[in-house]
>>> print(open('run_33.txt').read())   # compact mmCIF, C-alpha atoms and all ligand atoms
# COMPACT_ATOMS: atom_id res chain seq x y z
CA MET A 1 0.00 0.00 0.00
CA ARG A 2 1.30 3.45 -0.85
CA HIS A 3 2.05 5.83 2.00
CA ARG A 4 1.13 9.34 0.94
CA ASN A 5 3.31 11.25 3.43
CA PHE A 6 6.41 9.27 2.54
CA LEU A 7 5.97 9.58 -1.21
CA SER A 8 5.27 13.30 -1.16
CA VAL A 9 8.56 14.21 0.56
CA VAL A 10 11.05 15.39 -2.06
CA SER A 11 13.75 17.36 -0.26
CA MET A 12 14.71 19.25 2.91
CA THR A 13 15.24 23.00 2.97
CA ARG A 14 16.19 25.49 5.65
CA CYS A 15 13.50 26.59 8.12
CA HIS A 16 13.08 30.37 8.31
CA CYS A 17 11.74 30.10 11.86
CA CYS A 18 14.26 27.88 13.67
CA GLY A 19 17.14 27.67 11.16
CA ALA A 20 17.23 23.86 10.95
CA ASP A 21 17.73 22.22 7.54
CA ALA A 22 14.59 20.25 8.21
CA VAL A 23 11.68 21.49 6.09
CA ASN A 24 10.00 18.60 4.26
CA LEU A 25 8.52 19.82 0.98
CA LEU A 26 5.26 18.25 -0.21
CA THR A 27 4.88 17.71 -3.96
CA SER A 28 1.09 17.50 -3.61
CA PHE A 29 0.90 21.29 -3.12
CA ALA A 30 2.27 22.21 -6.56
CA ALA A 31 -0.98 21.35 -8.36
CA LEU A 32 -3.14 23.63 -6.19
CA ASP A 33 -4.28 26.99 -7.49
CA ARG A 34 -3.33 29.90 -5.27
CA VAL A 35 -4.66 33.35 -4.38
CA SER A 36 -2.99 36.58 -3.28
CA SER A 37 -3.75 38.04 0.16
CA ASP A 38 -5.50 40.94 -1.60
CA CYS A 39 -7.84 38.45 -3.33
CA LYS A 40 -6.51 37.88 -6.83
CA PRO A 41 -6.13 34.39 -8.35
CA ILE A 42 -2.55 33.10 -8.74
CA MET A 43 -1.51 30.17 -10.94
CA PRO A 44 -0.55 26.83 -9.32
CA GLY A 45 3.12 25.94 -8.90
CA GLY A 46 4.01 26.87 -5.33
CA GLU A 47 5.99 24.92 -2.76
CA ILE A 48 5.13 24.27 0.87
CA GLY A 49 6.56 22.16 3.66
CA ARG A 50 6.70 21.49 7.37
CA CYS A 51 9.77 21.88 9.57
CA MET A 52 10.48 18.62 11.38
CA VAL A 53 12.19 20.52 14.22
CA CYS A 54 9.88 23.45 15.08
CA GLY A 55 6.76 22.25 13.23
CA THR A 56 6.16 25.49 11.30
CA ILE A 57 4.35 25.13 7.97
CA GLN A 58 6.16 27.38 5.48
CA LYS A 59 6.98 28.21 1.88
CA PRO A 60 10.69 27.89 1.11
CA LYS A 61 12.51 31.08 0.08
CA THR A 62 13.03 30.56 -3.65
CA LYS A 63 13.38 32.92 -6.61
CA ALA A 64 9.94 31.80 -7.78
CA LEU A 65 8.38 32.76 -4.44
CA GLN A 66 10.23 36.09 -4.46
CA SER A 67 8.93 36.99 -7.92
CA VAL A 68 5.34 36.01 -7.04
CA THR A 69 5.39 38.10 -3.85
CA ASP A 70 7.09 41.06 -5.60
CA GLU A 71 4.35 41.02 -8.22
CA ILE A 72 1.59 40.88 -5.60
CA TYR A 73 2.99 43.77 -3.52
CA ALA A 74 3.63 45.95 -6.58
CA SER A 75 -0.11 46.33 -7.13
CA TYR A 76 -1.47 45.62 -3.66
CA ASP A 77 -5.05 46.65 -2.85
CA VAL A 78 -6.01 46.82 0.83
CA TYR A 79 -9.45 45.20 1.26
CA TYR A 80 -10.21 46.12 -2.33
CA GLN A 81 -13.60 44.41 -2.35
CA GLY A 82 -14.75 46.61 0.52
CA GLY A 83 -13.61 49.82 -1.11
CA GLY A 84 -10.71 50.26 1.33
CA SER A 85 -12.78 50.05 4.52
CA ASP A 86 -11.75 47.92 7.49
CA GLN A 87 -13.01 44.34 7.26
CA LEU A 88 -16.16 43.51 9.25
CA VAL A 89 -15.95 40.56 11.66
CA LEU A 90 -18.16 38.93 14.24
CA ASP A 91 -17.26 39.80 17.84
CA SER A 92 -17.58 36.43 19.59
CA ARG A 93 -18.40 38.14 22.91
CA ASP A 94 -21.62 39.87 21.89
CA GLY A 95 -22.36 38.39 18.43
CA LEU A 96 -22.26 41.86 16.85
CA THR A 97 -20.60 42.69 13.53
CA LYS A 98 -17.79 45.23 14.03
CA ARG A 99 -14.69 46.59 12.37
CA ARG A 100 -11.94 44.05 13.03
CA SER A 101 -9.55 46.73 14.33
CA ASP A 102 -12.13 47.83 16.91
CA VAL A 103 -12.51 44.23 18.16
CA LEU A 104 -8.73 43.90 18.55
CA VAL A 105 -8.25 47.26 20.29
CA ASP A 106 -11.15 46.50 22.69
CA ARG A 107 -9.58 43.16 23.61
CA LEU A 108 -6.15 44.75 24.10
CA ARG A 109 -7.64 47.45 26.31
CA ASP A 110 -9.44 44.82 28.39
CA ILE A 111 -6.17 43.06 29.26
CA GLY A 112 -4.39 46.34 30.05
CA VAL A 113 -2.15 46.50 26.97
CA LEU A 114 -3.20 50.07 26.10
CA GLY A 115 -2.97 51.23 29.74
CA LEU A 116 -4.94 50.27 32.82
CA PRO A 117 -8.65 51.17 33.10
CA GLY A 118 -9.07 54.80 34.13
CA GLU A 119 -5.42 55.59 33.47
CA VAL A 120 -4.41 57.95 30.67
CA PHE A 121 -1.17 56.49 29.35
CA ALA A 122 0.42 58.40 26.50
CA GLY A 123 2.41 55.51 25.09
CA GLN A 124 4.26 55.30 21.79
CA SER A 125 2.91 52.68 19.42
CA LEU A 126 4.22 51.29 16.15
CA ASP A 127 2.07 49.28 13.75
CA VAL A 128 4.20 47.10 11.47
CA GLY A 129 2.63 46.72 8.03
CA CYS A 130 0.21 49.54 8.86
CA GLY A 131 -1.39 49.79 5.39
CA ASN A 132 -3.97 52.58 5.35
CA GLY A 133 -3.94 52.76 9.16
CA ALA A 134 -7.15 50.88 10.08
CA PHE A 135 -5.63 49.57 13.33
CA LEU A 136 -3.97 52.88 14.25
CA ALA A 137 -7.26 54.69 13.64
CA ALA A 138 -8.96 52.29 16.08
CA ILE A 139 -6.34 53.13 18.75
CA ALA A 140 -6.90 56.83 18.05
CA ARG A 141 -10.66 56.37 18.65
CA LYS A 142 -10.35 54.28 21.82
CA ALA A 143 -7.05 55.39 23.43
CA PRO A 144 -6.54 58.95 22.09
CA ALA A 145 -3.56 59.78 24.31
CA TRP A 146 -1.31 57.31 22.47
CA ARG A 147 1.16 58.57 19.85
CA LEU A 148 0.85 56.52 16.68
CA ASN A 149 3.52 55.43 14.21
CA GLY A 150 3.42 53.11 11.24
CA LEU A 151 5.91 51.04 9.27
CA ASP A 152 5.23 49.89 5.74
CA LEU A 153 6.93 49.12 2.44
CA ASP A 154 6.12 52.49 0.87
CA ASP A 155 4.20 55.72 1.46
CA ARG A 156 1.20 55.08 -0.81
CA HIS A 157 -1.17 55.45 2.19
CA ALA A 158 0.60 58.51 3.67
CA ALA A 159 -2.40 60.80 3.13
CA ALA A 160 -4.83 58.42 4.90
CA LEU A 161 -2.38 58.02 7.79
CA GLU A 162 -1.92 61.80 8.18
CA ARG A 163 -5.67 62.15 8.68
CA ILE A 164 -5.57 59.96 11.82
CA PRO A 165 -5.51 62.11 14.96
CA SER A 166 -2.33 61.57 17.04
CA PHE A 167 -0.48 60.03 14.08
CA ASP A 168 3.23 60.90 14.29
CA ARG A 169 5.33 59.20 11.67
CA LEU A 170 5.33 56.74 8.78
CA ILE A 171 8.58 54.77 8.52
CA THR A 172 9.32 53.20 5.15
CA SER A 173 12.82 51.86 5.82
CA ASP A 174 13.55 48.14 5.94
CA ILE A 175 12.41 46.54 9.19
CA GLN A 176 16.00 45.48 9.93
CA ASN A 177 16.98 49.18 10.18
CA LEU A 178 14.24 50.02 12.65
CA THR A 179 15.23 51.92 15.81
CA GLY A 180 13.30 53.64 18.59
CA ARG A 181 11.51 52.66 21.81
CA TYR A 182 7.86 51.69 21.63
CA ASP A 183 5.38 50.77 24.35
CA LEU A 184 3.31 48.76 21.90
CA ILE A 185 4.45 47.18 18.65
CA SER A 186 1.65 45.56 16.68
CA ALA A 187 1.89 43.38 13.58
CA ILE A 188 -1.61 42.65 12.24
CA HIS A 189 -1.45 40.15 9.40
CA ALA A 190 2.19 41.03 8.80
CA LEU A 191 4.34 38.29 10.33
CA GLU A 192 3.10 35.63 7.90
CA HIS A 193 4.41 37.80 5.01
CA PHE A 194 7.97 38.27 6.31
CA PRO A 195 10.62 36.28 4.43
CA ASP A 196 12.63 36.08 7.66
CA PRO A 197 10.15 36.23 10.57
CA ALA A 198 12.73 35.26 13.20
CA ALA A 199 15.08 38.14 12.30
CA ALA A 200 12.16 40.59 12.17
CA LEU A 201 10.99 39.55 15.65
CA VAL A 202 14.51 40.01 17.06
CA THR A 203 14.64 43.54 15.59
CA LEU A 204 11.21 44.40 17.00
CA ARG A 205 12.22 43.10 20.44
CA LYS A 206 15.14 45.53 20.51
CA CYS A 207 12.70 48.38 19.83
CA LEU A 208 10.38 47.55 22.74
CA ALA A 209 10.41 49.77 25.84
CA PRO A 210 11.24 47.88 29.09
CA GLU A 211 7.55 47.26 29.87
CA GLY A 212 6.55 47.29 26.19
CA LYS A 213 4.27 44.72 24.57
CA LEU A 214 4.31 43.00 21.21
CA PHE A 215 0.93 42.17 19.69
CA ILE A 216 0.76 39.68 16.80
CA GLU A 217 -2.40 38.86 14.84
CA THR A 218 -1.98 36.11 12.24
CA PRO A 219 -4.08 33.41 10.54
CA ASN A 220 -4.44 30.12 12.40
CA VAL A 221 -3.62 27.42 9.84
CA ALA A 222 -5.05 24.79 12.19
CA GLU A 223 -8.51 26.34 11.75
CA ASN A 224 -8.18 27.80 8.27
CA PRO A 225 -7.02 25.42 5.50
CA PHE A 226 -7.32 28.23 2.92
CA ASP A 227 -4.34 30.00 4.49
CA ILE A 228 -1.89 27.66 2.75
CA VAL A 229 -3.03 28.70 -0.75
CA ILE A 230 -2.37 32.39 -0.07
CA ALA A 231 0.73 32.77 -2.24
CA ASP A 232 2.32 35.65 -0.29
CA HIS A 233 1.84 34.03 3.13
CA VAL A 234 5.29 32.59 3.72
CA SER A 235 4.68 31.12 7.20
CA HIS A 236 1.50 29.40 8.41
CA PHE A 237 1.32 29.35 12.20
CA THR A 238 -0.56 27.37 14.79
CA PRO A 239 -0.72 28.65 18.39
CA ALA A 240 2.10 26.20 19.26
CA THR A 241 4.47 27.10 16.40
CA LEU A 242 3.96 30.84 16.93
CA THR A 243 4.60 30.48 20.67
CA ALA A 244 7.79 28.51 19.90
CA LEU A 245 9.00 31.14 17.43
CA LEU A 246 8.43 33.94 19.95
CA GLY A 247 10.28 31.95 22.62
CA ARG A 248 13.23 31.35 20.30
CA THR A 249 13.44 35.07 19.46
CA GLY A 250 13.57 36.26 23.08
CA TYR A 251 9.96 36.86 24.04
CA HIS A 252 7.84 35.75 26.96
CA VAL A 253 4.31 35.05 25.72
CA LEU A 254 1.67 36.62 27.99
CA SER A 255 -1.45 35.43 26.16
CA VAL A 256 -2.41 33.32 23.16
CA GLU A 257 -6.05 33.54 22.09
CA THR A 258 -7.91 31.98 19.16
CA ASP A 259 -11.36 33.51 19.70
CA TRP A 260 -10.68 37.25 19.38
CA ILE A 261 -11.17 36.90 15.61
CA GLY A 262 -12.36 33.60 14.13
CA LYS A 263 -9.64 31.42 12.52
CA GLU A 264 -6.87 33.74 13.74
CA ILE A 265 -4.27 33.74 16.52
CA SER A 266 -3.88 36.78 18.78
CA VAL A 267 -0.68 36.84 20.83
CA VAL A 268 0.62 39.36 23.34
CA ALA A 269 4.26 39.04 24.42
CA ARG A 270 6.96 40.99 26.22
CA VAL A 271 10.75 40.73 26.31
CA ALA A 272 11.75 37.54 28.15
CA ASP A 273 13.83 37.73 31.33
CA GLU A 274 15.05 34.17 31.03
CA ALA A 275 15.30 31.33 28.51
CA PRO A 276 11.81 30.17 27.51
CA VAL A 277 10.32 26.74 27.92
CA LEU A 278 9.35 25.88 24.33
CA PRO A 279 6.15 23.93 23.66
CA PRO A 280 6.46 20.43 22.16
CA THR A 281 6.86 20.38 18.35
CA ASP A 282 3.47 20.83 16.74
CA VAL A 283 2.42 17.98 14.44
CA PHE A 284 -0.17 19.79 12.35
CA ASP A 285 -1.17 17.59 9.36
CA ILE A 286 -0.72 19.75 6.26
CA ASP A 287 -1.41 16.77 3.96
CA ALA A 288 -4.95 16.71 5.34
CA SER A 289 -5.39 20.42 4.51
CA ILE A 290 -4.21 19.88 0.94
CA ALA A 291 -6.58 16.90 0.53
CA TRP A 292 -9.48 18.95 1.98
CA LEU A 293 -8.83 21.79 -0.50
CA ARG A 294 -8.70 19.36 -3.45
CA ASN A 295 -12.00 17.88 -2.29
CA ILE A 296 -13.56 21.35 -2.28
CA GLN A 297 -12.47 21.87 -5.91
CA GLU A 298 -13.96 18.51 -6.91
CA GLU A 299 -17.26 19.22 -5.11
CA ALA A 300 -17.62 22.64 -6.71
CA LEU A 301 -16.80 21.20 -10.16
CA ALA A 302 -19.42 18.45 -9.70
CA LEU A 303 -22.08 20.92 -8.50
CA SER A 304 -21.48 23.31 -11.40
CA ASN A 305 -21.42 20.68 -14.16
CA SER A 306 -24.95 21.32 -15.38
CA HIS A 307 -25.61 24.88 -14.16
CA PRO A 308 -23.40 27.69 -12.87
CA ILE A 309 -23.57 27.97 -9.06
CA GLY A 310 -23.46 30.77 -6.51
CA LEU A 311 -20.44 31.10 -4.21
CA PHE A 312 -20.79 32.40 -0.68
CA GLY A 313 -18.22 35.09 0.13
CA THR A 314 -16.00 37.31 -2.00
CA SER A 315 -12.72 37.17 -0.16
CA ILE A 316 -9.83 34.70 -0.04
CA ALA A 317 -11.65 31.36 -0.09
CA ALA A 318 -14.29 32.20 -2.71
CA THR A 319 -11.72 33.97 -4.90
CA TRP A 320 -9.41 30.96 -4.73
CA LEU A 321 -12.23 28.58 -5.64
CA ALA A 322 -13.58 30.75 -8.47
CA GLY A 323 -10.07 31.05 -9.91
CA SER A 324 -9.48 27.32 -9.71
CA ILE A 325 -12.79 26.00 -11.15
CA GLY A 326 -13.20 28.81 -13.71
CA THR A 327 -15.51 31.80 -13.47
CA GLN A 328 -17.79 30.46 -16.23
CA ARG A 329 -19.04 28.03 -13.58
CA ILE A 330 -20.06 30.88 -11.25
CA ALA A 331 -23.43 32.65 -11.68
CA PHE A 332 -23.11 35.07 -8.76
CA PHE A 333 -21.45 35.65 -5.40
CA VAL A 334 -23.30 36.12 -2.10
CA ASP A 335 -21.95 38.34 0.67
CA GLU A 336 -23.33 39.52 4.01
CA ASP A 337 -21.09 42.60 4.04
CA PRO A 338 -23.09 45.64 2.82
CA ALA A 339 -19.85 47.23 1.57
CA ARG A 340 -19.53 44.42 -0.98
CA GLN A 341 -23.16 43.93 -1.98
CA GLY A 342 -24.15 45.45 -5.31
CA ARG A 343 -20.55 45.34 -6.60
CA THR A 344 -19.16 42.68 -8.91
CA HIS A 345 -16.40 40.10 -8.48
CA PHE A 346 -14.85 38.53 -11.63
CA GLY A 347 -17.62 40.42 -13.44
CA LYS A 348 -20.33 38.46 -11.57
CA PRO A 349 -22.86 40.22 -9.33
CA ILE A 350 -22.45 40.17 -5.55
CA LEU A 351 -25.92 39.51 -4.10
CA THR A 352 -27.30 39.97 -0.61
CA PRO A 353 -28.48 36.60 0.79
CA THR A 354 -32.14 37.64 0.50
CA ASP A 355 -31.71 38.36 -3.23
CA VAL A 356 -30.44 34.87 -4.13
CA PRO A 357 -32.88 33.25 -6.61
CA MET A 358 -34.94 30.41 -5.10
CA GLN A 359 -33.75 26.89 -6.06
CA SER A 360 -30.27 28.07 -7.04
CA VAL A 361 -27.29 26.24 -5.52
CA VAL A 362 -24.90 28.21 -3.32
CA TYR A 363 -21.61 26.60 -2.30
CA PHE A 364 -20.29 27.69 1.10
CA CYS A 365 -16.56 27.65 0.44
CA LEU A 366 -15.61 28.31 4.06
CA ALA A 367 -13.38 26.83 6.76
CA PRO A 368 -14.97 23.78 8.45
CA ALA A 369 -15.88 25.62 11.67
CA MET A 370 -17.78 28.35 9.79
CA ALA A 371 -19.49 26.65 6.82
CA GLY A 372 -22.14 24.68 8.71
CA LYS A 373 -23.08 27.57 11.00
CA ILE A 374 -23.55 30.11 8.21
CA ALA A 375 -25.31 27.65 5.87
CA ALA A 376 -27.76 26.76 8.68
CA LYS A 377 -28.54 30.46 9.15
CA MET A 378 -29.17 30.85 5.38
CA SER A 379 -31.09 27.61 4.81
CA ARG A 380 -34.50 29.21 5.43
CA LEU A 381 -34.03 31.65 2.53
CA GLY A 382 -35.08 29.03 -0.04
CA PHE A 383 -31.88 28.38 -1.99
CA VAL A 384 -29.86 25.15 -1.83
CA CYS A 385 -26.99 25.44 0.66
CA ALA A 386 -24.05 23.14 -0.13
CA THR A 387 -21.22 22.89 2.40
CA PRO A 388 -17.77 21.26 2.07
CA GLY A 389 -17.86 17.53 2.74
CA GLN A 390 -21.61 17.22 2.17
CA ALA A 391 -22.04 18.52 -1.35
CA ARG A 392 -20.78 15.64 -3.51
CA LYS A 393 -23.40 14.67 -6.08
ZN ZN A 401 11.86 25.04 12.06
>>> encode(input="run_33.txt", output="structure tokens")
Amino acid sequence: MRHRNFLSVVSMTRCHCCGADAVNLLTSFAALDRVSSDCKPIMPGGEIGRCMVCGTIQKPKTKALQSVTDEIYASYDVYYQGGGSDQLVLDSRDGLTKRRSDVLVDRLRDIGVLGLPGEVFAGQSLDVGCGNGAFLAAIARKAPAWRLNGLDLDDRHAAALERIPSFDRLITSDIQNLTGRYDLISAIHALEHFPDPAAALVTLRKCLAPEGKLFIETPNVAENPFDIVIADHVSHFTPATLTALLGRTGYHVLSVETDWIGKEISVVARVADEAPVLPPTDVFDIDASIAWLRNIQEEALALSNSHPIGLFGTSIAATWLAGSIGTQRIAFFVDEDPARQGRTHFGKPILTPTDVPMQSVVYFCLAPAMAGKIAAKMSRLGFVCATPGQARK
């Protein structure tokens, strides 16, 4: 009998998290279509592997990866489907839909990261990969005494940043040249993009004030299989592999949460006083994620054989699936976000759930934890809800 894991291992490359020459590459990934983190389809042909020492799932640093990421960043659109507005997410504490940056700043305030309750602390903050400043603007709204700084690849969002009250400075130098002393350094969906995350974390640690905090928000690959097909995500963390990386780079992790934002990891850390106790090597099964994604493609192809189908969502997962099965198989997209409704995606209309024609089939291309819940909510609207794993015809 063939053993899939054994056969798919082709070579070992160097881990960009722990430095060991121990990353097993999986050939099964090369056939998967990909998507950029700003929601554009990317051709198949990538490489991915898992480090046998630290467990981190990662894409090896190759010229091919460099040219794909260069191309993506050269024309990057922040939340382009939402017209540049901050993404809306569900706050798990009260079930309300809010701007994601507001949810994160509220959580940070609650655990004292932006100063203790009732205290006015005029700290210095730096947001790494600040984009158009959605997170900094949320700090300005909720902790107005803080001085705000941003670091990004270029100054294309300088005007938007200047409009944020208490914004001080945009830094566009390489992260390795960063200096200064900050009371809070945040990296929201940034760490997974860094070609050398370990070196970046060491640099950031040197720029933390003595009581300063580092806040990392990154996708949780253990809950979101779609993360691996995002071409410009170079590392794919689980809570355990991110905790290990922070320990190796001189941090003491204060909190690791997976429910602040669904399918994401939220970590707060400070500079470590002593050598960390690293968690056991994570054994996340990336082969299972690749198989699950292939199954999704096959289900969507089968469902759309006779008639084009609707796809739920317009962001990463739905864009990846539409790109991989072909847009001629898609009749429309469905999105709950009012900022996206009424627009088009791949030239197909984006409908509100209540406008979906009766009897049409909508495929819920979502992570396992989300698909069933959302499809159940929509099932009374009269269209056919197909979810991954249950849609094979
Ligand atoms: Zn490693």
>>> atom_distance(input="run_33.txt", atom1="atom CA of A:Gly212", atom2="atom CA of A:Pro280")
27.2 Å
>>> atom_distance(input="run_33.txt", atom1="atom CA of A:Asp77", atom2="atom CA of A:Leu204")
25.8 Å
>>> closest_atom_pairs(input="run_33.txt", of="chain A", to="ligand ZN 401 (chain A)", cutoff="10 Å", atoms="only C-alpha atoms and all ligand atoms", output="CSV")
residue,atom,partner,partner_atom,distance
A:Thr13,CA,A:ZN401,ZN,9.9
A:Arg14,CA,A:ZN401,ZN,7.7
A:Cys15,CA,A:ZN401,ZN,4.5
A:His16,CA,A:ZN401,ZN,6.6
A:Cys17,CA,A:ZN401,ZN,5.1
A:Cys18,CA,A:ZN401,ZN,4.1
A:Gly19,CA,A:ZN401,ZN,6.0
A:Ala20,CA,A:ZN401,ZN,5.6
A:Asp21,CA,A:ZN401,ZN,7.9
A:Ala22,CA,A:ZN401,ZN,6.7
A:Val23,CA,A:ZN401,ZN,6.9
A:Arg50,CA,A:ZN401,ZN,7.8
A:Cys51,CA,A:ZN401,ZN,4.5
A:Met52,CA,A:ZN401,ZN,6.6
A:Val53,CA,A:ZN401,ZN,5.0
A:Cys54,CA,A:ZN401,ZN,3.9
A:Gly55,CA,A:ZN401,ZN,5.9
A:Thr56,CA,A:ZN401,ZN,5.8
A:Ile57,CA,A:ZN401,ZN,8.6
A:Gln58,CA,A:ZN401,ZN,9.0
A:Thr241,CA,A:ZN401,ZN,8.8
A:Ala244,CA,A:ZN401,ZN,9.5
A:Leu245,CA,A:ZN401,ZN,8.6
A:Thr281,CA,A:ZN401,ZN,9.3
>>> atom_distance(input="run_33.txt", atom1="atom CA of A:Asp106", atom2="atom CA of A:Gly129")
20.1 Å
>>> residues_around(input="run_33.txt", residues="stretch 299-302 of chain A", least_positions_apart="6", cutoff="12 Å", atoms="only C-alpha atoms", output="tab-separated table (two decimals) with C-alpha atoms, keeping the file's coordinate frame")
chain	number	residue	atom	x	y	z
A	292	TRP	CA	-9.48	18.95	1.98
A	293	LEU	CA	-8.83	21.79	-0.50
A	308	PRO	CA	-23.40	27.69	-12.87
A	309	ILE	CA	-23.57	27.97	-9.06
A	310	GLY	CA	-23.46	30.77	-6.51
A	311	LEU	CA	-20.44	31.10	-4.21
A	312	PHE	CA	-20.79	32.40	-0.68
A	318	ALA	CA	-14.29	32.20	-2.71
A	320	TRP	CA	-9.41	30.96	-4.73
A	321	LEU	CA	-12.23	28.58	-5.64
A	322	ALA	CA	-13.58	30.75	-8.47
A	323	GLY	CA	-10.07	31.05	-9.91
A	324	SER	CA	-9.48	27.32	-9.71
A	325	ILE	CA	-12.79	26.00	-11.15
A	326	GLY	CA	-13.20	28.81	-13.71
A	327	THR	CA	-15.51	31.80	-13.47
A	328	GLN	CA	-17.79	30.46	-16.23
A	329	ARG	CA	-19.04	28.03	-13.58
A	330	ILE	CA	-20.06	30.88	-11.25
A	361	VAL	CA	-27.29	26.24	-5.52
A	362	VAL	CA	-24.90	28.21	-3.32
A	363	TYR	CA	-21.61	26.60	-2.30
A	364	PHE	CA	-20.29	27.69	1.10
A	365	CYS	CA	-16.56	27.65	0.44
A	386	ALA	CA	-24.05	23.14	-0.13
A	387	THR	CA	-21.22	22.89	2.40
A	388	PRO	CA	-17.77	21.26	2.07
A	389	GLY	CA	-17.86	17.53	2.74
A	390	GLN	CA	-21.61	17.22	2.17
A	391	ALA	CA	-22.04	18.52	-1.35
A	392	ARG	CA	-20.78	15.64	-3.51
A	393	LYS	CA	-23.40	14.67	-6.08
>>> residues_around(input="run_33.txt", residues="A:Lys59", least_positions_apart="6", cutoff="9 Å", atoms="all atoms listed in the file", output="list in words")
Leu25, Gly46, Glu47, Ile48, Gly49, Arg50, Leu65, Ile228, Ala231, His233, Val234, Ser235 and His236 of chain A
>>> residues_around(input="run_33.txt", residues="A:Val334", least_positions_apart="2", cutoff="6 Å", atoms="all atoms listed in the file", output="VMD selection string")
chain A and resid 312 to 313 350 to 353
>>> closest_residue(input="run_33.txt", among="A:Tyr182, A:Phe226, A:Tyr76, A:Phe383", to="A:Arg294", atoms="only C-alpha atoms")
A:Phe226
>>> residues_around(input="run_33.txt", residues="A:Leu278", least_positions_apart="6", cutoff="8 Å", atoms="all atoms listed in the file", output="list in words")
Thr243, Ala244, Gly247 and Arg248 of chain A
>>> closest_residue(input="run_33.txt", among="A:Ile286, A:Leu116, A:Leu88, A:Val267", to="A:Val103", atoms="all atoms listed in the file")
A:Leu88
>>> build_atoms(input="run_33.txt", residues="stretch 152-168 of chain A", atoms="N, CA and C atoms", output="mmCIF file, in the frame of the given file")
data_model
loop_
_atom_site.group_PDB
_atom_site.id
_atom_site.type_symbol
_atom_site.label_atom_id
_atom_site.label_comp_id
_atom_site.auth_asym_id
_atom_site.auth_seq_id
_atom_site.Cartn_x
_atom_site.Cartn_y
_atom_site.Cartn_z
ATOM 1 N N ASP A 152 5.718 50.643 6.886
ATOM 2 C CA ASP A 152 5.230 49.890 5.740
ATOM 3 C C ASP A 152 6.243 49.966 4.609
ATOM 4 N N LEU A 153 5.962 49.223 3.538
ATOM 5 C CA LEU A 153 6.930 49.120 2.440
ATOM 6 C C LEU A 153 7.105 50.435 1.694
ATOM 7 N N ASP A 154 6.035 51.224 1.613
ATOM 8 C CA ASP A 154 6.120 52.490 0.870
ATOM 9 C C ASP A 154 5.121 53.487 1.469
ATOM 10 N N ASP A 155 5.032 54.681 0.861
ATOM 11 C CA ASP A 155 4.200 55.720 1.460
ATOM 12 C C ASP A 155 2.884 55.933 0.691
ATOM 13 N N ARG A 156 2.402 54.891 0.021
ATOM 14 C CA ARG A 156 1.200 55.080 -0.810
ATOM 15 C C ARG A 156 -0.027 55.441 0.032
ATOM 16 N N HIS A 157 -0.020 55.119 1.341
ATOM 17 C CA HIS A 157 -1.170 55.450 2.190
ATOM 18 C C HIS A 157 -0.872 56.638 3.110
ATOM 19 N N ALA A 158 0.178 57.412 2.788
ATOM 20 C CA ALA A 158 0.600 58.510 3.670
ATOM 21 C C ALA A 158 -0.549 59.477 3.960
ATOM 22 N N ALA A 159 -1.334 59.811 2.942
ATOM 23 C CA ALA A 159 -2.400 60.800 3.130
ATOM 24 C C ALA A 159 -3.448 60.282 4.117
ATOM 25 N N ALA A 160 -3.830 59.005 3.978
ATOM 26 C CA ALA A 160 -4.830 58.420 4.900
ATOM 27 C C ALA A 160 -4.275 58.397 6.323
ATOM 28 N N LEU A 161 -2.989 58.086 6.466
ATOM 29 C CA LEU A 161 -2.380 58.020 7.790
ATOM 30 C C LEU A 161 -2.332 59.405 8.443
ATOM 31 N N GLU A 162 -2.006 60.424 7.641
ATOM 32 C CA GLU A 162 -1.920 61.800 8.180
ATOM 33 C C GLU A 162 -3.265 62.279 8.723
ATOM 34 N N ARG A 163 -4.336 61.732 8.215
ATOM 35 C CA ARG A 163 -5.670 62.150 8.680
ATOM 36 C C ARG A 163 -6.030 61.556 10.034
ATOM 37 N N ILE A 164 -5.257 60.578 10.529
ATOM 38 C CA ILE A 164 -5.570 59.960 11.820
ATOM 39 C C ILE A 164 -5.078 60.876 12.937
ATOM 40 N N PRO A 165 -5.969 61.265 13.864
ATOM 41 C CA PRO A 165 -5.510 62.110 14.960
ATOM 42 C C PRO A 165 -4.412 61.384 15.741
ATOM 43 N N SER A 166 -3.462 62.101 16.258
ATOM 44 C CA SER A 166 -2.330 61.570 17.040
ATOM 45 C C SER A 166 -1.384 60.668 16.230
ATOM 46 N N PHE A 167 -1.473 60.749 14.896
ATOM 47 C CA PHE A 167 -0.480 60.030 14.080
ATOM 48 C C PHE A 167 0.807 60.847 14.020
ATOM 49 N N ASP A 168 1.947 60.202 14.285
ATOM 50 C CA ASP A 168 3.230 60.900 14.290
ATOM 51 C C ASP A 168 4.018 60.670 13.011
#
